[in-house]
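Q: Sharing a structure with you now.
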Amino acid sequence: MEDPWQKAYDFAVAVARKAGAVCFEHPFSFRNSSFIGEESVAKGEPCVLSDKPTWIIDPVDGTTNFKTKKNFSFELCLEDKMYKARKGKGAFCDDEPIQVSDMKDINKSIIISEHGTDRSPEKVTKIFSTMQKILCIPVHGLRGSGTAATNMCLVATGAVEAFFEIGIHCWDIAAGVIIVKEAGGILLDVDGGPFDLMSRRMVSANNELIAKRIIKEIEIFPVGRDDAPAEK
């Protein structure tokens, strides 16, 4: 039986490859409500998932993502590498299959995180307190690459065991969500509950054991949802 989503997937790959080469020089946004991106949301356009196909775009990071409620295909292009995944079809880097680490020992694990963009003293204090507590578990290392997209691909390839952050946006992580899942990883909320793409908080990890050990140390602070009604 012909796969009805293959053409859409192939098109997404082609778009991501072309966009990756020019996105830093020519940032762009879409005005159609079926697109979600940092630039469009900044202009006051809606950030709401619906039943129809939705492109989630982050051109600054070189990510191009295609989503539908029943079937997903995502592309991620960065650092001259193409990371891609499709629901139920596996995850790949430059067409080579990738898989999360099989590490179960938190003391031998490398964890990755970022500082977010909120510089209010109380939130910065919680961020650094969390990092200190995780370092003192102890873990093998605590690092950051500067972008959620890269961090999630590092989890998917087994280079690190977990990535967590509070304050990220759906366009920062949409591609990575499918890539991590298809590479065998898991995603949870920072409180240990189910992951919610619009919540702006996430733990992605190679397995539940590592994820839940990290979650014990996270000091949670409030952030507004991506799909929250715009303030008038």
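Letters A, B, ... mark the chains of the structure tokens in the order given; residue numbers begin at 1 per chain; ligand numbers begin at 1, in order shown.
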For Asp196 in chain A, list every protein, DNA or RNA residue within 12 Å, evaluated using only C-alpha atoms, and leave out those in the same chain fewer than 3 positions away; present the list as number ranges by chain.
A: A: 49, 168-170, 173-174, 177, 187-193, 199-204, 225-227
Q: Could you take the residues named above and write them with N, CA and C atoms, as a PDB file, in the first residue's frame?
A:
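So the final result, stored in part-v6.pdb, reads:
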ATOM      1  N   LEU A  49      -2.281  24.467  18.257  1.00  0.00           N
ATOM      2  CA  LEU A  49      -2.315  23.256  17.434  1.00  0.00           C
ATOM      3  C   LEU A  49      -3.762  22.888  17.127  1.00  0.00           C
ATOM      4  N   ILE A 168      11.599  27.034  27.429  1.00  0.00           N
ATOM      5  CA  ILE A 168      11.730  26.847  25.995  1.00  0.00           C
ATOM      6  C   ILE A 168      10.362  27.009  25.333  1.00  0.00           C
ATOM      7  N   HIS A 169      10.348  27.171  23.996  1.00  0.00           N
ATOM      8  CA  HIS A 169       9.103  27.304  23.255  1.00  0.00           C
ATOM      9  C   HIS A 169       8.890  26.082  22.372  1.00  0.00           C
ATOM     10  N   CYS A 170       7.652  25.900  21.913  1.00  0.00           N
ATOM     11  CA  CYS A 170       7.327  24.725  21.098  1.00  0.00           C
ATOM     12  C   CYS A 170       8.175  24.672  19.830  1.00  0.00           C
ATOM     13  N   ILE A 173      11.650  22.952  20.231  1.00  0.00           N
ATOM     14  CA  ILE A 173      11.785  21.534  20.546  1.00  0.00           C
ATOM     15  C   ILE A 173      10.923  20.596  19.707  1.00  0.00           C
ATOM     16  N   ALA A 174      10.031  21.145  18.862  1.00  0.00           N
ATOM     17  CA  ALA A 174       9.086  20.278  18.142  1.00  0.00           C
ATOM     18  C   ALA A 174       9.798  19.203  17.338  1.00  0.00           C
ATOM     19  N   VAL A 177      11.478  16.531  19.653  1.00  0.00           N
ATOM     20  CA  VAL A 177      10.551  15.612  20.341  1.00  0.00           C
ATOM     21  C   VAL A 177      10.428  14.301  19.581  1.00  0.00           C
ATOM     22  N   LEU A 187      10.122  11.499  26.947  1.00  0.00           N
ATOM     23  CA  LEU A 187       9.910  12.893  27.309  1.00  0.00           C
ATOM     24  C   LEU A 187       8.904  12.971  28.437  1.00  0.00           C
ATOM     25  N   LEU A 188       9.202  13.815  29.415  1.00  0.00           N
ATOM     26  CA  LEU A 188       8.321  14.015  30.560  1.00  0.00           C
ATOM     27  C   LEU A 188       8.252  15.496  30.891  1.00  0.00           C
ATOM     28  N   ASP A 189       7.222  15.859  31.651  1.00  0.00           N
ATOM     29  CA  ASP A 189       7.198  17.198  32.220  1.00  0.00           C
ATOM     30  C   ASP A 189       8.229  17.258  33.344  1.00  0.00           C
ATOM     31  N   VAL A 190       8.673  18.452  33.708  1.00  0.00           N
ATOM     32  CA  VAL A 190       9.669  18.580  34.774  1.00  0.00           C
ATOM     33  C   VAL A 190       9.124  18.176  36.142  1.00  0.00           C
ATOM     34  N   ASP A 191       7.785  17.988  36.252  1.00  0.00           N
ATOM     35  CA  ASP A 191       7.227  17.488  37.508  1.00  0.00           C
ATOM     36  C   ASP A 191       7.009  15.980  37.477  1.00  0.00           C
ATOM     37  N   GLY A 192       7.436  15.342  36.376  1.00  0.00           N
ATOM     38  CA  GLY A 192       7.296  13.902  36.245  1.00  0.00           C
ATOM     39  C   GLY A 192       6.044  13.456  35.533  1.00  0.00           C
ATOM     40  N   GLY A 193       5.152  14.397  35.212  1.00  0.00           N
ATOM     41  CA  GLY A 193       3.929  14.071  34.505  1.00  0.00           C
ATOM     42  C   GLY A 193       4.141  13.961  33.003  1.00  0.00           C
ATOM     43  N   SER A 199       3.692  23.485  26.999  1.00  0.00           N
ATOM     44  CA  SER A 199       3.894  23.859  28.403  1.00  0.00           C
ATOM     45  C   SER A 199       5.158  24.666  28.648  1.00  0.00           C
ATOM     46  N   ARG A 200       6.104  24.628  27.708  1.00  0.00           N
ATOM     47  CA  ARG A 200       7.395  25.329  27.811  1.00  0.00           C
ATOM     48  C   ARG A 200       8.290  24.740  28.906  1.00  0.00           C
ATOM     49  N   ARG A 201       8.125  23.455  29.187  1.00  0.00           N
ATOM     50  CA  ARG A 201       8.982  22.772  30.168  1.00  0.00           C
ATOM     51  C   ARG A 201       9.088  21.303  29.783  1.00  0.00           C
ATOM     52  N   MET A 202      10.283  20.757  29.940  1.00  0.00           N
ATOM     53  CA  MET A 202      10.487  19.406  29.419  1.00  0.00           C
ATOM     54  C   MET A 202      11.748  18.763  29.981  1.00  0.00           C
ATOM     55  N   VAL A 203      11.670  17.446  30.130  1.00  0.00           N
ATOM     56  CA  VAL A 203      12.843  16.606  30.351  1.00  0.00           C
ATOM     57  C   VAL A 203      12.840  15.560  29.248  1.00  0.00           C
ATOM     58  N   SER A 204      13.915  15.485  28.486  1.00  0.00           N
ATOM     59  CA  SER A 204      14.074  14.403  27.514  1.00  0.00           C
ATOM     60  C   SER A 204      15.268  13.576  27.958  1.00  0.00           C
ATOM     61  N   ARG A 225       2.241  29.394  29.175  1.00  0.00           N
ATOM     62  CA  ARG A 225       2.131  28.425  28.085  1.00  0.00           C
ATOM     63  C   ARG A 225       2.227  29.118  26.731  1.00  0.00           C
ATOM     64  N   ASP A 226       2.715  28.389  25.737  1.00  0.00           N
ATOM     65  CA  ASP A 226       2.786  28.935  24.382  1.00  0.00           C
ATOM     66  C   ASP A 226       1.399  29.205  23.807  1.00  0.00           C
ATOM     67  N   ASP A 227       0.423  28.385  24.185  1.00  0.00           N
ATOM     68  CA  ASP A 227      -0.906  28.538  23.622  1.00  0.00           C
ATOM     69  C   ASP A 227      -1.842  29.352  24.524  1.00  0.00           C
TER      70      ASP A 227
END
Q: Check the smallest atom-to-atom distance from each of A:Ser101, A:Asn207, A:Thr147, A:Ser129 to Gly116 in chain A using only C-alpha atoms, then report the winner.
A: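 Looking at the shortest contact to Gly116 in chain A, the residue is A:Thr147.
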Q: Closest to Ala162 in chain A among A:Asp3, A:Asp10, A:Glu208, A:Asp94, using only C-alpha atoms?
A: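 Counting only C-alpha atoms, the residue closest to Ala162 in chain A is A:Glu208.
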